[in-house]
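**Student:** Pasting a structure here, questions to come.
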Amino acid sequence: MNIVQVLSSTVKRNRIASAALAALLSAASLPALAGDADAGKDLAVPCAACHGPDGNSVAPNWPKLAGMGERYLLKQLKDIKSGARSIPEMTGQLDAMSDSDLENLAAFYAAQTMSGGVAKAELVAEGETIYRGGVKESGISACTACHSPTGKGNVLAGFPRLSGQHATYIEAQLLKFQSTERNNDAEGVMREIAKRMTAAEIKAVSSYASGLR
């Protein structure tokens with residue numbers, strides 16, 4: 001790697017760190033969320049077919065929603081409803097819901113407990129290296145800065161929990177960020193990181209993150 005590449009990589013890593021910090025500072029000034037988990041329970045009944053009655057989906061292609069941060073969940077629900085995040089299977093599912101309904105739904109799932117995941121033994125070493133240290137040569141930042149060392153995310157900043165989430169789902173989202181099919185990440189941070197990752201790196205870190213405790 002020549003000096004130009006080193007400087008470019010450093011600038012991009014700093015930009016990602018700055019974006020993460022900006023999200024944290026912005027979240028600190030936001031009002032507390034007012035969702036009603038009890039009201040959200042009834043709204044979640046139709047969602048159980050894919051996401052499970054308590055938000056723990058059985059199929060690995062459907063995300064677990066249980067225990068995800070309320071702020072993150074609310075943003076995703078609003079983005080899906082508005083079309084900012086395209087999920088064909090969710091088309092029309094949220095159209096009849098008000099902002100208050102979405103807040104209550106997010107509160108319900110946030111109040112549930114996510115079941116654990118298990119990392120594939122053969123992917124742990126590589127996955128841990130990427131998750132905790134990134135890949136310096138490629139300018140890939142460590143995942144711990146936003147998703148925490150334990151994979152529980154950052155509820156205040158709206159950074160999602162990864163520990164316990166289906167590895168298949170995490171991998172699919174990273175690939176969507178990589179292709180820009182998914183583009184509702186703040187400041188393009190996840191797209192910037194994912195585009196620098198190989199398919200093998202994505203698979204390894206997805207497995208490792210899923211198995212975190």
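Letters for chains follow the order of the structure tokens (A, B, ...), residue numbers begin at 1 for each chain, and ligand numbers begin at 1 in the order shown.
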Extract, using only C-alpha atoms, all DNA, RNA and protein residues at most 10 Å from A:Arg213, discarding same-chain residues fewer than 5 positions from it, and format them as a PDB file with C-alpha atoms, in the first residue's frame.
**Tutor:**
ATOM      1  CA  GLY A 116     -28.868 -16.569  21.452  1.00  0.00           C
ATOM      2  CA  GLY A 117     -26.949 -17.434  18.329  1.00  0.00           C
ATOM      3  CA  VAL A 118     -24.074 -19.840  17.709  1.00  0.00           C
ATOM      4  CA  PRO A 149     -17.700  -5.358  22.256  1.00  0.00           C
ATOM      5  CA  THR A 150     -20.561  -7.649  23.271  1.00  0.00           C
ATOM      6  CA  GLY A 151     -22.565  -7.076  20.100  1.00  0.00           C
ATOM      7  CA  LYS A 152     -25.473  -5.476  21.964  1.00  0.00           C
ATOM      8  CA  SER A 163     -25.414 -10.734  19.091  1.00  0.00           C
ATOM      9  CA  GLY A 164     -28.054 -13.424  18.760  1.00  0.00           C
TER      10      GLY A 164
END
**Student:** Running DSSP on the backbone, which parts of stretch 142-205 of chain A land in helix (DSSP H, G or I), as a PyMOL selection string?
**Tutor:** chain A and resi 144-147+167-179+186-194+199-205
**Student:** Please list as number ranges by chain every residue within 10 Å of A:Ile140, counting only C-alpha atoms and excluding residues in the same chain fewer than 2 positions away.
**Tutor:** A: 9, 12-13, 16, 130-131, 133-138, 142-143, 192-197
**Student:** Those residues with C-alpha atoms, as a PDB file, in the first residue's frame please?
**Tutor:**
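Final output, saved to again.pdb:
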ATOM      1  CA  SER A   9      -7.733   4.837   4.090  1.00  0.00           C
ATOM      2  CA  LYS A  12     -12.145   7.287   5.392  1.00  0.00           C
ATOM      3  CA  ARG A  13     -11.708   5.555   8.753  1.00  0.00           C
ATOM      4  CA  ILE A  16     -16.638   6.709   9.687  1.00  0.00           C
ATOM      5  CA  ILE A 130     -12.502  -8.351  11.957  1.00  0.00           C
ATOM      6  CA  TYR A 131     -15.125  -7.580  14.598  1.00  0.00           C
ATOM      7  CA  GLY A 133      -9.835  -4.962  15.074  1.00  0.00           C
ATOM      8  CA  GLY A 134     -11.190  -4.392  11.597  1.00  0.00           C
ATOM      9  CA  VAL A 135      -8.940  -4.910   8.579  1.00  0.00           C
ATOM     10  CA  LYS A 136      -6.331  -2.166   8.467  1.00  0.00           C
ATOM     11  CA  GLU A 137      -5.105  -2.954   4.965  1.00  0.00           C
ATOM     12  CA  SER A 138      -8.595  -2.516   3.520  1.00  0.00           C
ATOM     13  CA  ALA A 142     -13.777  -2.542  13.872  1.00  0.00           C
ATOM     14  CA  CYS A 143     -17.428  -3.329  14.543  1.00  0.00           C
ATOM     15  CA  GLU A 192     -18.541   2.379   3.044  1.00  0.00           C
ATOM     16  CA  ILE A 193     -17.462  -0.491   5.288  1.00  0.00           C
ATOM     17  CA  ALA A 194     -19.248  -3.288   3.430  1.00  0.00           C
ATOM     18  CA  LYS A 195     -17.906  -2.315   0.009  1.00  0.00           C
ATOM     19  CA  ARG A 196     -14.374  -2.958   1.303  1.00  0.00           C
ATOM     20  CA  MET A 197     -15.146  -6.449   2.568  1.00  0.00           C
TER      21      MET A 197
END
**Student:** For the contact check between stretch 46-80 of chain A and stretch 89-110 of chain A, emit one row per residue of stretch 46-80 of chain A within 6 Å, containing the shortest atom pair and the distance in Å rounded to one decimal, counting only C-alpha atoms, chain then rising number order, as a tab-separated table.
**Tutor:**
residue	atom	partner	partner_atom	distance
A:Leu65	CA	A:Tyr109	CA	5.8
A:Ala66	CA	A:Tyr109	CA	4.8
A:Gly67	CA	A:Ala110	CA	4.5
A:Met68	CA	A:Ala110	CA	5.1
A:Gly69	CA	A:Ala110	CA	5.5
A:Glu70	CA	A:Ala110	CA	5.2
A:Leu73	CA	A:Ala106	CA	5.4
A:Leu74	CA	A:Ala106	CA	5.4
**Student:** Take the residues just selected and output them with N, CA and C atoms as a PDB file, in the first residue's frame.
**Tutor:**
ATOM      1  N   LEU A  65     -36.412  -9.558  15.958  1.00  0.00           N
ATOM      2  CA  LEU A  65     -36.685  -8.178  16.361  1.00  0.00           C
ATOM      3  C   LEU A  65     -36.624  -8.018  17.874  1.00  0.00           C
ATOM      4  N   ALA A  66     -36.736  -9.116  18.580  1.00  0.00           N
ATOM      5  CA  ALA A  66     -36.727  -9.081  20.050  1.00  0.00           C
ATOM      6  C   ALA A  66     -35.427  -8.489  20.569  1.00  0.00           C
ATOM      7  N   GLY A  67     -35.551  -7.550  21.501  1.00  0.00           N
ATOM      8  CA  GLY A  67     -34.378  -7.000  22.155  1.00  0.00           C
ATOM      9  C   GLY A  67     -33.583  -6.010  21.334  1.00  0.00           C
ATOM     10  N   MET A  68     -34.060  -5.707  20.122  1.00  0.00           N
ATOM     11  CA  MET A  68     -33.394  -4.667  19.333  1.00  0.00           C
ATOM     12  C   MET A  68     -33.745  -3.321  19.953  1.00  0.00           C
ATOM     13  N   GLY A  69     -32.888  -2.345  19.824  1.00  0.00           N
ATOM     14  CA  GLY A  69     -33.144  -1.038  20.404  1.00  0.00           C
ATOM     15  C   GLY A  69     -34.390  -0.387  19.825  1.00  0.00           C
ATOM     16  N   GLU A  70     -35.145   0.270  20.672  1.00  0.00           N
ATOM     17  CA  GLU A  70     -36.398   0.890  20.245  1.00  0.00           C
ATOM     18  C   GLU A  70     -36.162   1.962  19.184  1.00  0.00           C
ATOM     19  N   LEU A  73     -35.361   0.216  15.859  1.00  0.00           N
ATOM     20  CA  LEU A  73     -36.564  -0.411  15.313  1.00  0.00           C
ATOM     21  C   LEU A  73     -37.520   0.623  14.727  1.00  0.00           C
ATOM     22  N   LEU A  74     -37.712   1.717  15.434  1.00  0.00           N
ATOM     23  CA  LEU A  74     -38.639   2.745  14.961  1.00  0.00           C
ATOM     24  C   LEU A  74     -38.159   3.342  13.636  1.00  0.00           C
TER      25      LEU A  74
END
**Student:** Quick one: residues within 9 Å of A:Val124, only C-alpha atoms, excluding same-chain residues fewer than 2 positions away - as a list in words?
**Tutor:**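 In the requested form, the answer reads Ala119, Lys120, Ala121, Glu122, Glu126, Gly127, Glu128, Thr129, Ala204, Val205, Ser207, Tyr208 and Gly211 of chain A.
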**Student:** At what distance in Å, to one decimal, does atom CA of A:Met114 lie from atom CA of A:Gly55?
**Tutor:** 7.5 Å
**Student:** Hey, which of A:Gln112, A:Asn184, A:Ser86, A:Gln178 ends up closest to A:Ala44? Count only C-alpha atoms.
**Tutor:** A:Gln112
**Student:** How many Å lie between atom CA of A:Cys146 and atom CA of A:Ala209, rounded to one decimal?
**Tutor:** 12.6 Å
